[in-house]
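Structure first, then comments.
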Amino acid sequence: MDHFLYRNGLLHAEDVPLPEIAAEVGTPFYVYSAATLTRHYSLFKEALAPLPNLVCYAMKANSNQAVVRLLGDLGAGMDVVSGGEYARAKAAGVPGDRIVFSGVGKTRAEMEQAIAGGIRQVNIESEPEMSLLSQLASAMGATVPVTIRINPDVDARTHEKIATGRAENKFGIPISRASEVYRMAADLPGIEVVGIDVHIGSQLTELEPFEAAYLKVAELTRQLRADGHDIRRLDLGGGLGIPYTRTNEAPPLPLDYGDLVRRTVGDLGVEVEIEPGRLIAGNAGLLVASVLYVKSGEGRDFLILDAAMNDLIRPAMYGAWHDIVPVAEPTPGTETAAYDIVGPVCESGDTFAKQRAVPPVAAGDLVAFRSAGAYGAVMASEYNTRPLIPEVMVRDDQFAVIRRRPTFEEIINRDTIPSWL
Ligand code: LLP
């Protein structure tokens with residue numbers, strides 16, 4: 001469910017007609033609905049009740065300060081994977097005791113930053129990383145709560161680039177070696193083991209892989225407790241998928257996911273953390289672009305937009321589908337036409353959709369990419385020196401630019417020409 005609906009013939013973000021935003025900020029731009037973000041966060045909270053829980057929003061999905069502030073103010077924790085994200089969480093007012101630090105390659109500087117600034121827990125992914133954290137924390141006179149991310153060798157049945165729970169993936173510690181690594185952790189100064197972490201992948205559209213992984217985690221919890229470890233917290237990762245098409249997809253709802261969590265780990269007396277990103281932000285955002293040209297090709301027509309792969313890389317990178325709809329509501333019964341929908345970047349990979357049936361559109365029309373709130377703006381680049389596009393947040397009938405479009409000068413001035421050149 002989202003808050004992007006046609007009203008009076010125009011697609012709106014909550015109560016704001018999109019052409020109004022386009023007129024003010026120019027296209028292309030991202031627009032996020034505060035109501036949708038709030039609702040998605042609340043769905044997870046309801047789904048996990050009555051288990052003690054913390055929903056740690058995976059900031060990698062969309063780390064704009066306004067988004068982080070909104071969710072942080074609702075009580076969300078944050079899952080960060082870099083010093084930059086940690087700094088963003090702090091800057092948005094999220095306290096360290098609600099921030100968890102994930103990621104397979106944390107640097108010394110990132111660890112020191114988290115220890116100094118306060119951290120709820122660090123999710124450890126390897127023995128060398130654990131040793132370094134122990135060393136740094138000891139030197140700083142701190143004791144850092146940690147979980148160890150285990151790799152349960154479960155097939156998440158998602159796109160290979162975003163599956164993380166198979167033995168061949170770089171993530172976590174093989175579950176077969178868990179007891180050995182937990183024993184090592186127990187003996188190290190500066191860290192305190194508080195639980196287990198698992199994350200098997202993103203855009204999961206079935207519950208079974210979660211179930212397989214969580215059952216393994218439950219089993220491991222019992223085993224580690226029998227070995228004398230105080231396992232009181234389980235970080236169950238993120239990954240719940242969203243429907244990218246309106247028609248043929250029905251991924252499980254947060255409520256079903258919550259039932260599964262209770263069924264698999266609910267009797268262990270643990271605090272549960274989850275790290276959803278996409279489900280909170282994905283359908284809370286649109287990418288709005290203008291049609292530059294309608295071009296007739298050999299046997300196919302192209303819609304050339306002013307948005308490109310540098311603004312939204314998901315179709316080029318994962319072959320991802322995003323619904324693309326005209327902002328002016330098509331009259332019922334309008335015949336569709338098939339277009340290749342492309343951007344202006346000089347590679348054929350800059351294709352958003354091939355032979356996509358859309359209602360006829362003309363140069364100057366606005367179109368909106370749905371489900372673009374997660375892994376959209378955050379994965380954008382300035383390839384072709386195309387400035388990062390603005391982000392806008394809407395609440396009810398108000399909207400605000402939450403990241404403005406940089407000028408060419410700002411972009412160019414980040415470079416320096418050496419004095420000897
Ligand atoms: N926790 C960890 C440790 C993760 O690696 C991820 C995502 C999440 C949580 C959040 O997963 P989510 O709930 O958003 O599925 N760029 C890709 C997605 C990459 C996901 C990476 N890790 C895409 O556009 O589909």
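Ordering of the structure tokens sets the chain letters (A, B, ...); residue numbers start at 1 within each chain; ligands are numbered from 1 in the order shown.
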- Task: For segment 34-51 of chain A, list every protein, DNA or RNA residue within 7 Å, evaluated using only C-alpha atoms, and leave out those in the same chain fewer than 2 positions away; present the list as a PyMOL selection string.
- Result: chain A and resi 2-3+32+53+254-255+258+271+279-281+284+393-395
- From the DSSP assignment of the backbone, select every residue of segment 43-239 of chain A that is strand (DSSP E or B), and format the answer as a ChimeraX atom specification. /A:53-58,77-80,99-101,121-124,144-151,163,173-174,191-197,201,204,233-235
- Query: Within 9 Å of ligand 1, counting only C-alpha atoms and all ligand atoms, which protein or nucleic acid residues do you find, written as a PyMOL selection string?
  - Reply: chain A and resi 56-61+79-81+101-104+123+149+159+161-164+171+197-204+236-242+274-282+313-315+317-318+320+374-376+378-379
- Task: Identify, on the basis of only C-alpha atoms, every residue whose closest approach to Ser126 of chain A does not exceed 9 Å; exclude the query and any residue fewer than 2 positions from it along the same chain; express the result as a ChimeraX atom specification.
- Result: /A:104,124,128-131,148-149,171-173,181
How about saving the chosen residues, N, CA, C and O atoms kept, as a short mmCIF file (atom, residue, chain, number, x, y, z; two decimals), in the first residue's frame?
data_model
loop_
_atom_site.label_atom_id
_atom_site.label_comp_id
_atom_site.auth_asym_id
_atom_site.auth_seq_id
_atom_site.Cartn_x
_atom_site.Cartn_y
_atom_site.Cartn_z
N VAL A 104 30.65 -6.59 6.03
CA VAL A 104 31.67 -7.63 6.01
C VAL A 104 33.08 -7.06 6.09
O VAL A 104 34.04 -7.78 6.37
N ILE A 124 29.56 -8.98 13.94
CA ILE A 124 30.89 -9.44 13.51
C ILE A 124 30.74 -10.45 12.37
O ILE A 124 29.87 -11.31 12.40
N PRO A 128 39.18 -12.33 12.07
CA PRO A 128 40.11 -11.20 12.10
C PRO A 128 39.42 -9.89 12.47
O PRO A 128 39.99 -9.06 13.18
N GLU A 129 38.20 -9.73 12.00
CA GLU A 129 37.46 -8.51 12.33
C GLU A 129 37.19 -8.48 13.84
O GLU A 129 37.31 -7.43 14.50
N MET A 130 36.85 -9.64 14.39
CA MET A 130 36.55 -9.73 15.82
C MET A 130 37.79 -9.39 16.64
O MET A 130 37.72 -8.66 17.63
N SER A 131 38.94 -9.90 16.23
CA SER A 131 40.19 -9.62 16.96
C SER A 131 40.49 -8.14 16.94
O SER A 131 40.86 -7.56 17.96
N ILE A 148 27.49 -12.36 16.33
CA ILE A 148 28.28 -12.92 15.23
C ILE A 148 27.32 -13.33 14.13
O ILE A 148 26.31 -14.00 14.38
N ARG A 149 27.61 -12.82 12.94
CA ARG A 149 26.74 -13.16 11.82
C ARG A 149 27.08 -14.55 11.33
O ARG A 149 28.22 -14.82 10.95
N PHE A 171 29.55 -13.60 3.10
CA PHE A 171 28.99 -13.09 4.35
C PHE A 171 29.00 -14.08 5.50
O PHE A 171 28.70 -15.27 5.32
N GLY A 172 29.31 -13.58 6.70
CA GLY A 172 29.12 -14.36 7.92
C GLY A 172 30.12 -15.49 8.08
O GLY A 172 31.05 -15.69 7.28
N ILE A 173 29.90 -16.22 9.17
CA ILE A 173 30.77 -17.32 9.54
C ILE A 173 29.98 -18.61 9.31
O ILE A 173 28.81 -18.68 9.70
N VAL A 181 33.88 -20.23 17.01
CA VAL A 181 34.07 -18.77 16.96
C VAL A 181 33.45 -18.10 18.19
O VAL A 181 34.00 -17.13 18.73
#
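Shortest separation to Ala307 of chain A among A:Ile389, A:Ala186, A:Val294, A:Ala357 occurs at residue A:Ile389, atoms counted being only C-alpha atoms.
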- Task: Pick out each residue of segment 68-236 of chain A that DSSP on the backbone tags as alpha helix (DSSP H); I need them as a ChimeraX atom specification.
- Result: /A:68-73,83-91,108-117,127-139,178-187,208-226
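Straight-line separation from atom CA of Ala250 of chain A to atom CA of Trp321 of chain A: 14.8 Å.
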- Task: Write out as a PyMOL selection string the residues lying within 9 Å of Leu287 of chain A, counting only C-alpha atoms and excluding same-chain residues fewer than 3 positions away.
- Result: chain A and resi 28-31+307+311-312+367-373+376-377
